[in-house]
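**Q** Please find one structure pasted underneath; my questions will follow.
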Amino acid sequence: MSTVGNSTNIFWHECAVGNIDRQKLLNQKGCVVWITGLSGSGKSTLACSLGRELHSRGKVSYVLDGDNLRHGLNKNLGFSAEDRTENIRRVGEVGKLFADAGLICIASLISPYRNDRDACRAMLPVFMNMPLEVCEERDVKGLYKLARAGKIKGFTGIDDPYEPPLNCEIELTLADGICPSPIDMAGQVASYLGDKGFLHYD
């Protein structure tokens with residue numbers, strides 16, 4: 001008898017249609033754009049704006065939003081360090097599948113720990129480098145107020161650390177104290193993807 005979870009009788013099965021075939025069909029190169037930053041930094045807004053921008057250019061993308069994923073794929077996970085690591089691992093694996101399918105996957109998660117992000121390093125990280133005070137001013141969910149009042153424990157940026165990326169491809173931050181519009185930021189990311197050859201297949 002063997003158990004499914006620990007089975008060694010598992011083999012990778014190759015299919016006739018591969019990654020290159022799918023990319024040629026879509027005329028784009030699959031990749032994962034990983035948007036990280038504090039709660040309220042604008043990750044989800046940027047992700048949706050980028051998805052809209054790519055769609056307008058005839059490119060196929062899909063947004064993996066951290067909150068949305070906790071309604072399904074990751075609904076059994078909490079916010080302990082271990083659960084956060086598993087959360088990122090799962091999203092990273094799903095993102096890799098989307099990229100292999102030839103899509104531009106836009107993953108939008110706080111993803112506070114550097115080691116977890118580094119484990120998914122084949123992706124293209126976008127760092128929403130917005131000051132904590134700006135994020136707290138937005139606080140559309142009221143989470144910072146609850147964390148400050150001690151009603152939420154382990155909240156990133158308050159009593160749990162956020163480790164900024166050390167080598168991200170794109171860093172978006174305030175310009176003269178003003179946050180760029182989502183459309184401008186999406187255009188910046190889309191231009192980067194175009195310059196790097198992801199928006200066409202040669």
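Labeling convention for the structure tokens: chains A, B, ... as they appear, residues from 1 per chain, ligands from 1 in order of appearance.
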Which of region 32-200 of chain A counts as alpha helix (DSSP H) under DSSP, as a compact mmCIF listing (two decimals) with all heavy atoms, in the first residue's frame please?
**A**
# COMPACT_ATOMS: atom_id res chain seq x y z
N LYS A 43 -1.76 48.09 -4.70
CA LYS A 43 -1.41 46.90 -5.48
C LYS A 43 -2.56 46.42 -6.36
O LYS A 43 -2.40 46.20 -7.55
CB LYS A 43 -0.97 45.76 -4.54
CG LYS A 43 0.26 46.06 -3.72
CD LYS A 43 0.62 44.89 -2.82
CE LYS A 43 -0.48 44.48 -1.87
NZ LYS A 43 -0.89 45.57 -0.93
N SER A 44 -3.74 46.24 -5.74
CA SER A 44 -4.89 45.72 -6.50
C SER A 44 -5.32 46.69 -7.58
O SER A 44 -5.69 46.29 -8.69
CB SER A 44 -6.05 45.43 -5.54
OG SER A 44 -5.71 44.40 -4.64
N THR A 45 -5.29 47.99 -7.26
CA THR A 45 -5.67 49.00 -8.24
C THR A 45 -4.73 48.97 -9.43
O THR A 45 -5.16 49.01 -10.59
CB THR A 45 -5.66 50.41 -7.59
OG1 THR A 45 -6.55 50.41 -6.47
CG2 THR A 45 -6.08 51.47 -8.59
N LEU A 46 -3.42 48.87 -9.14
CA LEU A 46 -2.44 48.78 -10.23
C LEU A 46 -2.65 47.50 -11.04
O LEU A 46 -2.60 47.52 -12.27
CB LEU A 46 -1.02 48.82 -9.68
CG LEU A 46 0.10 48.54 -10.70
CD1 LEU A 46 0.06 49.54 -11.85
CD2 LEU A 46 1.46 48.54 -10.03
N ALA A 47 -2.88 46.38 -10.35
CA ALA A 47 -3.06 45.10 -11.04
C ALA A 47 -4.21 45.17 -12.04
O ALA A 47 -4.09 44.75 -13.19
CB ALA A 47 -3.29 43.98 -10.03
N CYS A 48 -5.34 45.72 -11.60
CA CYS A 48 -6.50 45.82 -12.48
C CYS A 48 -6.26 46.82 -13.61
O CYS A 48 -6.66 46.58 -14.76
CB CYS A 48 -7.74 46.21 -11.69
SG CYS A 48 -8.29 44.91 -10.54
N SER A 49 -5.58 47.92 -13.31
CA SER A 49 -5.25 48.90 -14.35
C SER A 49 -4.30 48.32 -15.38
O SER A 49 -4.45 48.55 -16.58
CB SER A 49 -4.63 50.16 -13.72
OG SER A 49 -5.56 50.81 -12.89
N LEU A 50 -3.33 47.53 -14.90
CA LEU A 50 -2.39 46.89 -15.82
C LEU A 50 -3.11 45.86 -16.68
O LEU A 50 -2.86 45.77 -17.90
CB LEU A 50 -1.25 46.23 -15.03
CG LEU A 50 -0.21 45.47 -15.85
CD1 LEU A 50 0.44 46.38 -16.90
CD2 LEU A 50 0.85 44.87 -14.93
N GLY A 51 -4.01 45.10 -16.08
CA GLY A 51 -4.78 44.13 -16.85
C GLY A 51 -5.60 44.80 -17.95
O GLY A 51 -5.68 44.32 -19.08
N ARG A 52 -6.20 45.96 -17.61
CA ARG A 52 -6.98 46.72 -18.59
C ARG A 52 -6.08 47.27 -19.70
O ARG A 52 -6.43 47.22 -20.88
CB ARG A 52 -7.69 47.87 -17.88
CG ARG A 52 -8.75 48.56 -18.73
CD ARG A 52 -9.48 49.65 -17.95
NE ARG A 52 -10.02 49.15 -16.70
CZ ARG A 52 -9.61 49.56 -15.49
NH1 ARG A 52 -8.65 50.45 -15.37
NH2 ARG A 52 -10.18 49.08 -14.41
N GLU A 53 -4.90 47.78 -19.33
CA GLU A 53 -3.96 48.31 -20.31
C GLU A 53 -3.50 47.22 -21.28
O GLU A 53 -3.45 47.44 -22.50
CB GLU A 53 -2.76 48.93 -19.59
CG GLU A 53 -1.64 49.41 -20.50
CD GLU A 53 -2.02 50.57 -21.40
OE1 GLU A 53 -2.98 51.30 -21.07
OE2 GLU A 53 -1.37 50.74 -22.45
N LEU A 54 -3.16 46.06 -20.74
CA LEU A 54 -2.71 44.96 -21.59
C LEU A 54 -3.84 44.49 -22.51
O LEU A 54 -3.62 44.19 -23.68
CB LEU A 54 -2.19 43.80 -20.73
CG LEU A 54 -0.89 44.10 -19.97
CD1 LEU A 54 -0.58 42.97 -18.98
CD2 LEU A 54 0.28 44.30 -20.92
N HIS A 55 -5.06 44.44 -21.98
CA HIS A 55 -6.22 44.03 -22.78
C HIS A 55 -6.41 44.99 -23.95
O HIS A 55 -6.70 44.57 -25.08
CB HIS A 55 -7.47 43.99 -21.90
CG HIS A 55 -8.70 43.54 -22.62
ND1 HIS A 55 -8.94 42.22 -22.92
CD2 HIS A 55 -9.75 44.24 -23.13
CE1 HIS A 55 -10.09 42.11 -23.57
NE2 HIS A 55 -10.60 43.32 -23.71
N SER A 56 -6.23 46.30 -23.68
CA SER A 56 -6.39 47.29 -24.75
C SER A 56 -5.34 47.13 -25.83
O SER A 56 -5.54 47.57 -26.96
CB SER A 56 -6.33 48.71 -24.16
OG SER A 56 -5.00 49.06 -23.79
N GLY A 66 -4.54 38.86 -3.91
CA GLY A 66 -4.39 38.19 -2.63
C GLY A 66 -5.69 37.99 -1.89
O GLY A 66 -5.98 36.89 -1.39
N ASP A 67 -6.53 39.02 -1.81
CA ASP A 67 -7.81 38.89 -1.11
C ASP A 67 -8.73 37.91 -1.83
O ASP A 67 -9.40 37.08 -1.21
CB ASP A 67 -8.50 40.26 -1.00
CG ASP A 67 -7.95 41.09 0.15
OD1 ASP A 67 -6.99 40.64 0.81
OD2 ASP A 67 -8.49 42.19 0.39
N ASN A 68 -8.80 38.02 -3.15
CA ASN A 68 -9.67 37.13 -3.92
C ASN A 68 -9.27 35.67 -3.74
O ASN A 68 -10.13 34.78 -3.61
CB ASN A 68 -9.62 37.49 -5.41
CG ASN A 68 -10.26 38.84 -5.70
OD1 ASN A 68 -10.85 39.47 -4.83
ND2 ASN A 68 -10.11 39.30 -6.93
N LEU A 69 -7.97 35.39 -3.71
CA LEU A 69 -7.50 34.02 -3.58
C LEU A 69 -7.85 33.43 -2.22
O LEU A 69 -7.99 32.21 -2.08
CB LEU A 69 -5.99 33.96 -3.80
CG LEU A 69 -5.55 34.22 -5.25
CD1 LEU A 69 -4.06 34.49 -5.32
CD2 LEU A 69 -5.94 33.05 -6.14
N ALA A 81 3.19 33.36 10.10
CA ALA A 81 4.32 33.36 9.18
C ALA A 81 4.30 32.12 8.29
O ALA A 81 4.56 32.19 7.09
CB ALA A 81 5.64 33.44 9.96
N GLU A 82 3.93 30.96 8.88
CA GLU A 82 3.89 29.71 8.12
C GLU A 82 2.80 29.76 7.05
O GLU A 82 3.00 29.33 5.91
CB GLU A 82 3.67 28.52 9.06
CG GLU A 82 4.79 28.27 10.05
CD GLU A 82 4.77 29.22 11.24
OE1 GLU A 82 3.75 29.91 11.45
OE2 GLU A 82 5.79 29.27 11.96
N ASP A 83 1.63 30.27 7.43
CA ASP A 83 0.53 30.34 6.47
C ASP A 83 0.82 31.34 5.37
O ASP A 83 0.45 31.14 4.21
CB ASP A 83 -0.77 30.69 7.18
CG ASP A 83 -1.43 29.48 7.85
OD1 ASP A 83 -0.84 28.38 7.79
OD2 ASP A 83 -2.53 29.63 8.41
N ARG A 84 1.48 32.44 5.71
CA ARG A 84 1.83 33.41 4.69
C ARG A 84 2.82 32.82 3.68
O ARG A 84 2.72 33.06 2.48
CB ARG A 84 2.43 34.66 5.33
CG ARG A 84 1.40 35.51 6.06
CD ARG A 84 2.03 36.73 6.70
NE ARG A 84 1.01 37.52 7.37
CZ ARG A 84 0.99 38.84 7.38
NH1 ARG A 84 1.93 39.53 6.76
NH2 ARG A 84 0.04 39.49 8.01
N THR A 85 3.76 32.04 4.19
CA THR A 85 4.71 31.37 3.30
C THR A 85 3.99 30.42 2.37
O THR A 85 4.26 30.38 1.16
CB THR A 85 5.77 30.62 4.13
OG1 THR A 85 6.57 31.58 4.83
CG2 THR A 85 6.67 29.78 3.25
N GLU A 86 3.04 29.63 2.90
CA GLU A 86 2.28 28.69 2.07
C GLU A 86 1.40 29.45 1.08
O GLU A 86 1.24 29.02 -0.08
CB GLU A 86 1.44 27.78 2.95
CG GLU A 86 0.51 26.83 2.20
CD GLU A 86 1.23 25.86 1.26
OE1 GLU A 86 2.47 25.73 1.33
OE2 GLU A 86 0.54 25.22 0.44
N ASN A 87 0.85 30.57 1.50
CA ASN A 87 0.04 31.40 0.62
C ASN A 87 0.85 31.83 -0.61
O ASN A 87 0.40 31.68 -1.76
CB ASN A 87 -0.44 32.64 1.40
CG ASN A 87 -1.33 33.55 0.58
OD1 ASN A 87 -2.28 33.13 -0.05
ND2 ASN A 87 -1.00 34.84 0.58
N ILE A 88 2.05 32.31 -0.36
CA ILE A 88 2.90 32.77 -1.47
C ILE A 88 3.35 31.58 -2.33
O ILE A 88 3.41 31.69 -3.56
CB ILE A 88 4.14 33.53 -0.93
CG1 ILE A 88 3.68 34.77 -0.16
CG2 ILE A 88 5.08 33.93 -2.07
CD1 ILE A 88 2.71 35.65 -0.90
N ARG A 89 3.67 30.46 -1.70
CA ARG A 89 4.09 29.28 -2.46
C ARG A 89 3.00 28.85 -3.43
O ARG A 89 3.25 28.61 -4.62
CB ARG A 89 4.43 28.12 -1.52
CG ARG A 89 5.04 26.92 -2.24
CD ARG A 89 5.02 25.67 -1.37
NE ARG A 89 3.66 25.15 -1.19
CZ ARG A 89 3.01 24.44 -2.12
NH1 ARG A 89 3.59 24.15 -3.28
NH2 ARG A 89 1.79 24.01 -1.88
N ARG A 90 1.75 28.79 -2.94
CA ARG A 90 0.65 28.37 -3.80
C ARG A 90 0.44 29.35 -4.96
O ARG A 90 0.26 28.93 -6.11
CB ARG A 90 -0.65 28.28 -2.99
CG ARG A 90 -0.69 27.12 -2.02
CD ARG A 90 -2.04 27.06 -1.32
NE ARG A 90 -2.02 26.15 -0.19
CZ ARG A 90 -3.07 25.94 0.61
NH1 ARG A 90 -4.20 26.57 0.39
NH2 ARG A 90 -2.97 25.11 1.63
N VAL A 91 0.44 30.63 -4.65
CA VAL A 91 0.22 31.63 -5.70
C VAL A 91 1.37 31.58 -6.71
O VAL A 91 1.15 31.71 -7.91
CB VAL A 91 0.07 33.04 -5.10
CG1 VAL A 91 -0.11 34.07 -6.22
CG2 VAL A 91 -1.12 33.09 -4.14
N GLY A 92 2.58 31.38 -6.21
CA GLY A 92 3.72 31.26 -7.11
C GLY A 92 3.57 30.10 -8.07
O GLY A 92 3.85 30.22 -9.28
N GLU A 93 3.10 28.96 -7.56
CA GLU A 93 2.91 27.79 -8.42
C GLU A 93 1.80 28.03 -9.44
O GLU A 93 1.93 27.65 -10.61
CB GLU A 93 2.59 26.55 -7.57
CG GLU A 93 3.75 26.05 -6.72
CD GLU A 93 4.92 25.55 -7.55
OE1 GLU A 93 4.70 25.07 -8.69
OE2 GLU A 93 6.07 25.63 -7.07
N VAL A 94 0.72 28.66 -9.03
CA VAL A 94 -0.37 28.96 -9.97
C VAL A 94 0.12 29.96 -11.02
O VAL A 94 -0.17 29.82 -12.21
CB VAL A 94 -1.61 29.51 -9.21
CG1 VAL A 94 -2.65 30.01 -10.21
CG2 VAL A 94 -2.21 28.43 -8.32
N GLY A 95 0.88 30.97 -10.56
CA GLY A 95 1.42 31.95 -11.49
C GLY A 95 2.30 31.31 -12.55
O GLY A 95 2.25 31.67 -13.73
N LYS A 96 3.11 30.34 -12.13
CA LYS A 96 3.97 29.63 -13.08
C LYS A 96 3.15 28.89 -14.13
O LYS A 96 3.52 28.85 -15.31
CB LYS A 96 4.88 28.65 -12.33
CG LYS A 96 6.07 29.32 -11.68
CD LYS A 96 6.73 28.47 -10.61
CE LYS A 96 7.09 27.08 -11.06
NZ LYS A 96 7.73 26.29 -9.97
N LEU A 97 2.01 28.34 -13.71
CA LEU A 97 1.14 27.63 -14.66
C LEU A 97 0.55 28.61 -15.68
O LEU A 97 0.48 28.32 -16.87
CB LEU A 97 0.03 26.89 -13.92
CG LEU A 97 0.48 25.72 -13.04
CD1 LEU A 97 -0.71 25.17 -12.26
CD2 LEU A 97 1.11 24.62 -13.88
N PHE A 98 0.10 29.77 -15.20
CA PHE A 98 -0.43 30.78 -16.11
C PHE A 98 0.64 31.21 -17.11
O PHE A 98 0.38 31.35 -18.31
CB PHE A 98 -0.93 31.99 -15.33
CG PHE A 98 -2.36 31.88 -14.87
CD1 PHE A 98 -2.65 31.63 -13.54
CD2 PHE A 98 -3.40 32.03 -15.76
CE1 PHE A 98 -3.96 31.53 -13.11
CE2 PHE A 98 -4.72 31.93 -15.35
CZ PHE A 98 -5.01 31.68 -14.01
N ALA A 99 1.85 31.45 -16.61
CA ALA A 99 2.95 31.87 -17.50
C ALA A 99 3.26 30.78 -18.51
O ALA A 99 3.53 31.06 -19.68
CB ALA A 99 4.18 32.22 -16.67
N ASP A 100 3.24 29.53 -18.06
CA ASP A 100 3.50 28.42 -18.98
C ASP A 100 2.40 28.34 -20.04
O ASP A 100 2.65 27.91 -21.17
CB ASP A 100 3.58 27.10 -18.20
CG ASP A 100 4.01 25.94 -19.08
OD1 ASP A 100 5.08 26.04 -19.70
OD2 ASP A 100 3.27 24.94 -19.15
N ARG A 114 10.89 38.48 2.33
CA ARG A 114 11.82 38.45 1.20
C ARG A 114 12.10 37.01 0.75
O ARG A 114 12.16 36.73 -0.45
CB ARG A 114 13.12 39.14 1.62
CG ARG A 114 13.98 39.62 0.47
CD ARG A 114 15.12 40.49 0.98
NE ARG A 114 14.67 41.80 1.40
CZ ARG A 114 15.01 42.38 2.56
NH1 ARG A 114 15.80 41.78 3.40
NH2 ARG A 114 14.56 43.59 2.85
N ASN A 115 12.28 36.10 1.70
CA ASN A 115 12.59 34.71 1.33
C ASN A 115 11.48 34.10 0.49
O ASN A 115 11.74 33.34 -0.45
CB ASN A 115 12.82 33.86 2.58
CG ASN A 115 14.20 34.06 3.17
OD1 ASN A 115 15.09 34.60 2.52
ND2 ASN A 115 14.39 33.65 4.41
N ASP A 116 10.23 34.41 0.85
CA ASP A 116 9.10 33.85 0.10
C ASP A 116 9.09 34.39 -1.33
O ASP A 116 8.85 33.66 -2.29
CB ASP A 116 7.78 34.19 0.79
CG ASP A 116 7.66 33.55 2.16
OD1 ASP A 116 8.40 32.59 2.43
OD2 ASP A 116 6.83 34.02 2.96
N ARG A 117 9.35 35.68 -1.47
CA ARG A 117 9.38 36.27 -2.81
C ARG A 117 10.56 35.73 -3.60
O ARG A 117 10.45 35.46 -4.80
CB ARG A 117 9.46 37.80 -2.72
CG ARG A 117 8.23 38.46 -2.12
CD ARG A 117 8.25 39.97 -2.33
NE ARG A 117 9.46 40.59 -1.85
CZ ARG A 117 9.61 41.15 -0.65
NH1 ARG A 117 8.60 41.15 0.20
NH2 ARG A 117 10.75 41.72 -0.31
N ASP A 118 11.69 35.56 -2.93
CA ASP A 118 12.88 35.04 -3.63
C ASP A 118 12.65 33.63 -4.14
O ASP A 118 13.25 33.23 -5.14
CB ASP A 118 14.10 35.08 -2.70
CG ASP A 118 14.62 36.49 -2.48
OD1 ASP A 118 14.21 37.40 -3.24
OD2 ASP A 118 15.44 36.68 -1.56
N LEU A 132 4.22 54.29 4.77
CA LEU A 132 3.20 53.74 5.67
C LEU A 132 2.10 54.77 5.93
O LEU A 132 0.92 54.43 5.95
CB LEU A 132 3.85 53.29 6.98
CG LEU A 132 2.91 52.73 8.05
CD1 LEU A 132 2.19 51.50 7.55
CD2 LEU A 132 3.69 52.42 9.32
N GLU A 133 2.49 56.04 6.12
CA GLU A 133 1.48 57.06 6.43
C GLU A 133 0.50 57.25 5.28
O GLU A 133 -0.69 57.51 5.50
CB GLU A 133 2.14 58.39 6.81
CG GLU A 133 3.10 58.96 5.79
CD GLU A 133 4.54 58.52 5.99
OE1 GLU A 133 4.77 57.48 6.66
OE2 GLU A 133 5.45 59.22 5.49
N VAL A 134 0.97 57.10 4.04
CA VAL A 134 0.08 57.20 2.88
C VAL A 134 -0.89 56.03 2.88
O VAL A 134 -2.09 56.19 2.64
CB VAL A 134 0.88 57.24 1.57
CG1 VAL A 134 -0.04 57.13 0.35
CG2 VAL A 134 1.69 58.53 1.48
N CYS A 135 -0.38 54.84 3.16
CA CYS A 135 -1.24 53.65 3.20
C CYS A 135 -2.28 53.77 4.30
O CYS A 135 -3.44 53.39 4.12
CB CYS A 135 -0.38 52.39 3.40
SG CYS A 135 0.80 52.08 2.07
N GLU A 136 -1.88 54.31 5.46
CA GLU A 136 -2.81 54.47 6.57
C GLU A 136 -3.87 55.51 6.25
O GLU A 136 -5.02 55.38 6.66
CB GLU A 136 -2.07 54.85 7.85
CG GLU A 136 -1.29 53.68 8.44
CD GLU A 136 -0.93 53.90 9.91
OE1 GLU A 136 -1.86 53.88 10.74
OE2 GLU A 136 0.26 54.07 10.20
N GLU A 137 -3.50 56.55 5.51
CA GLU A 137 -4.48 57.57 5.14
C GLU A 137 -5.56 56.97 4.24
O GLU A 137 -6.74 57.33 4.35
CB GLU A 137 -3.78 58.72 4.39
CG GLU A 137 -3.04 59.68 5.30
CD GLU A 137 -2.24 60.72 4.51
OE1 GLU A 137 -2.51 60.88 3.30
OE2 GLU A 137 -1.37 61.35 5.11
N ARG A 138 -5.16 56.05 3.36
CA ARG A 138 -6.13 55.42 2.46
C ARG A 138 -7.02 54.47 3.26
O ARG A 138 -8.22 54.61 3.25
CB ARG A 138 -5.40 54.66 1.35
CG ARG A 138 -4.64 55.56 0.40
CD ARG A 138 -3.83 54.76 -0.58
NE ARG A 138 -3.17 55.58 -1.57
CZ ARG A 138 -2.28 55.13 -2.42
NH1 ARG A 138 -1.96 53.86 -2.43
NH2 ARG A 138 -1.72 55.95 -3.29
N LEU A 143 -8.28 48.56 8.28
CA LEU A 143 -7.44 47.55 8.92
C LEU A 143 -6.34 48.18 9.77
O LEU A 143 -5.99 47.65 10.83
CB LEU A 143 -6.83 46.64 7.86
CG LEU A 143 -7.84 45.83 7.03
CD1 LEU A 143 -7.13 45.01 5.97
CD2 LEU A 143 -8.68 44.94 7.93
N TYR A 144 -5.77 49.28 9.32
CA TYR A 144 -4.70 49.92 10.10
C TYR A 144 -5.25 50.41 11.44
O TYR A 144 -4.60 50.29 12.48
CB TYR A 144 -4.06 51.07 9.32
CG TYR A 144 -3.10 50.63 8.26
CD1 TYR A 144 -3.46 50.62 6.92
CD2 TYR A 144 -1.82 50.20 8.59
CE1 TYR A 144 -2.57 50.21 5.93
CE2 TYR A 144 -0.92 49.78 7.61
CZ TYR A 144 -1.31 49.80 6.29
OH TYR A 144 -0.42 49.38 5.32
N LYS A 145 -6.45 50.97 11.44
CA LYS A 145 -7.06 51.45 12.69
C LYS A 145 -7.25 50.29 13.65
O LYS A 145 -6.99 50.41 14.85
CB LYS A 145 -8.39 52.13 12.39
CG LYS A 145 -8.24 53.47 11.70
CD LYS A 145 -9.60 54.10 11.41
CE LYS A 145 -9.43 55.42 10.67
NZ LYS A 145 -10.72 56.01 10.28
N LEU A 146 -7.73 49.16 13.13
CA LEU A 146 -7.92 47.98 13.98
C LEU A 146 -6.58 47.47 14.51
O LEU A 146 -6.48 47.08 15.68
CB LEU A 146 -8.64 46.88 13.19
CG LEU A 146 -10.09 47.16 12.81
CD1 LEU A 146 -10.62 46.08 11.87
CD2 LEU A 146 -10.97 47.27 14.06
N ALA A 147 -5.56 47.49 13.65
CA ALA A 147 -4.23 47.02 14.08
C ALA A 147 -3.64 47.96 15.13
O ALA A 147 -3.06 47.51 16.12
CB ALA A 147 -3.30 46.92 12.87
N ARG A 148 -3.79 49.25 14.92
CA ARG A 148 -3.29 50.23 15.89
C ARG A 148 -4.00 50.08 17.24
O ARG A 148 -3.41 50.34 18.29
CB ARG A 148 -3.48 51.65 15.37
CG ARG A 148 -2.62 52.02 14.18
CD ARG A 148 -1.20 52.31 14.56
NE ARG A 148 -0.42 52.83 13.44
CZ ARG A 148 0.88 52.86 13.43
NH1 ARG A 148 1.58 52.42 14.45
NH2 ARG A 148 1.53 53.33 12.37
N PRO A 182 -3.11 55.41 -11.29
CA PRO A 182 -3.02 53.99 -11.68
C PRO A 182 -2.76 53.81 -13.17
O PRO A 182 -2.02 52.91 -13.56
CB PRO A 182 -4.40 53.45 -11.29
CG PRO A 182 -4.86 54.34 -10.18
CD PRO A 182 -4.33 55.70 -10.53
N ILE A 183 -3.34 54.67 -14.00
CA ILE A 183 -3.13 54.55 -15.45
C ILE A 183 -1.66 54.81 -15.80
O ILE A 183 -1.07 54.09 -16.61
CB ILE A 183 -4.04 55.54 -16.21
CG1 ILE A 183 -5.50 55.13 -16.04
CG2 ILE A 183 -3.67 55.60 -17.69
CD1 ILE A 183 -6.50 56.11 -16.62
N ASP A 184 -1.07 55.82 -15.16
CA ASP A 184 0.34 56.12 -15.43
C ASP A 184 1.25 54.98 -14.98
O ASP A 184 2.19 54.60 -15.68
CB ASP A 184 0.76 57.42 -14.73
CG ASP A 184 0.17 58.65 -15.39
OD1 ASP A 184 -0.26 58.55 -16.55
OD2 ASP A 184 0.13 59.71 -14.73
N MET A 185 0.95 54.42 -13.80
CA MET A 185 1.77 53.32 -13.29
C MET A 185 1.61 52.08 -14.16
O MET A 185 2.58 51.39 -14.45
CB MET A 185 1.41 53.02 -11.83
CG MET A 185 1.84 54.12 -10.87
SD MET A 185 1.67 53.67 -9.12
CE MET A 185 -0.10 53.68 -8.94
N ALA A 186 0.37 51.81 -14.58
CA ALA A 186 0.14 50.66 -15.46
C ALA A 186 0.89 50.84 -16.78
O ALA A 186 1.48 49.88 -17.30
CB ALA A 186 -1.36 50.49 -15.72
N GLY A 187 0.88 52.06 -17.29
CA GLY A 187 1.61 52.33 -18.53
C GLY A 187 3.10 52.10 -18.37
O GLY A 187 3.76 51.58 -19.27
N GLN A 188 3.63 52.47 -17.20
CA GLN A 188 5.05 52.27 -16.94
C GLN A 188 5.41 50.78 -16.93
O GLN A 188 6.41 50.36 -17.51
CB GLN A 188 5.42 52.90 -15.59
CG GLN A 188 6.90 52.87 -15.27
CD GLN A 188 7.22 53.58 -13.96
OE1 GLN A 188 6.48 54.45 -13.51
NE2 GLN A 188 8.34 53.21 -13.34
N VAL A 189 4.56 49.98 -16.27
CA VAL A 189 4.82 48.53 -16.22
C VAL A 189 4.65 47.91 -17.60
O VAL A 189 5.46 47.08 -18.03
CB VAL A 189 3.89 47.85 -15.19
CG1 VAL A 189 4.13 46.33 -15.19
CG2 VAL A 189 4.10 48.41 -13.79
N ALA A 190 3.61 48.31 -18.31
CA ALA A 190 3.38 47.77 -19.66
C ALA A 190 4.53 48.13 -20.59
O ALA A 190 4.96 47.30 -21.41
CB ALA A 190 2.06 48.29 -20.22
N SER A 191 5.05 49.35 -20.47
CA SER A 191 6.19 49.75 -21.30
C SER A 191 7.41 48.89 -20.99
O SER A 191 8.16 48.51 -21.90
CB SER A 191 6.52 51.23 -21.07
OG SER A 191 5.48 52.05 -21.54
N TYR A 192 7.61 48.59 -19.71
CA TYR A 192 8.72 47.72 -19.32
C TYR A 192 8.56 46.34 -19.96
O TYR A 192 9.52 45.79 -20.52
CB TYR A 192 8.78 47.59 -17.80
CG TYR A 192 9.86 46.65 -17.31
CD1 TYR A 192 11.14 47.11 -17.03
CD2 TYR A 192 9.61 45.29 -17.16
CE1 TYR A 192 12.14 46.25 -16.60
CE2 TYR A 192 10.60 44.42 -16.73
CZ TYR A 192 11.86 44.90 -16.45
OH TYR A 192 12.85 44.03 -16.04
N LEU A 193 7.34 45.79 -19.91
CA LEU A 193 7.10 44.48 -20.52
C LEU A 193 7.35 44.52 -22.02
O LEU A 193 7.91 43.59 -22.59
CB LEU A 193 5.66 44.04 -20.23
CG LEU A 193 5.33 43.71 -18.78
CD1 LEU A 193 3.83 43.48 -18.61
CD2 LEU A 193 6.10 42.48 -18.30
N GLY A 194 6.94 45.62 -22.65
CA GLY A 194 7.19 45.77 -24.08
C GLY A 194 8.66 45.85 -24.41
O GLY A 194 9.14 45.20 -25.34
N ASP A 195 9.39 46.64 -23.63
CA ASP A 195 10.84 46.80 -23.85
C ASP A 195 11.58 45.48 -23.67
O ASP A 195 12.60 45.24 -24.33
CB ASP A 195 11.42 47.84 -22.89
CG ASP A 195 10.95 49.26 -23.19
OD1 ASP A 195 10.43 49.47 -24.30
OD2 ASP A 195 11.07 50.13 -22.31
**Q** Report as number ranges by chain all protein, DNA and RNA residues lying within 12 Å of Gly102 (chain A), evaluated on only C-alpha atoms, omitting residues in the same chain fewer than 6 positions from it.
**A** A: 17-32, 59-62, 95-96, 198-201
**Q** Please report, as a PyMOL selection string, each residue of region 111-202 of chain A to which DSSP assigns strand (DSSP E or B) when run on this structure's backbone.
**A** chain A and resi 124-129+156+160+170-173+175+178
**Q** Tell me, in Å to one decimal, how far CA of Lys141 (chain A) is from CA of Pro164 (chain A).
**A**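 Spanning CA of Lys141 (chain A) to CA of Pro164 (chain A) is a straight-line distance of 22.6 Å.
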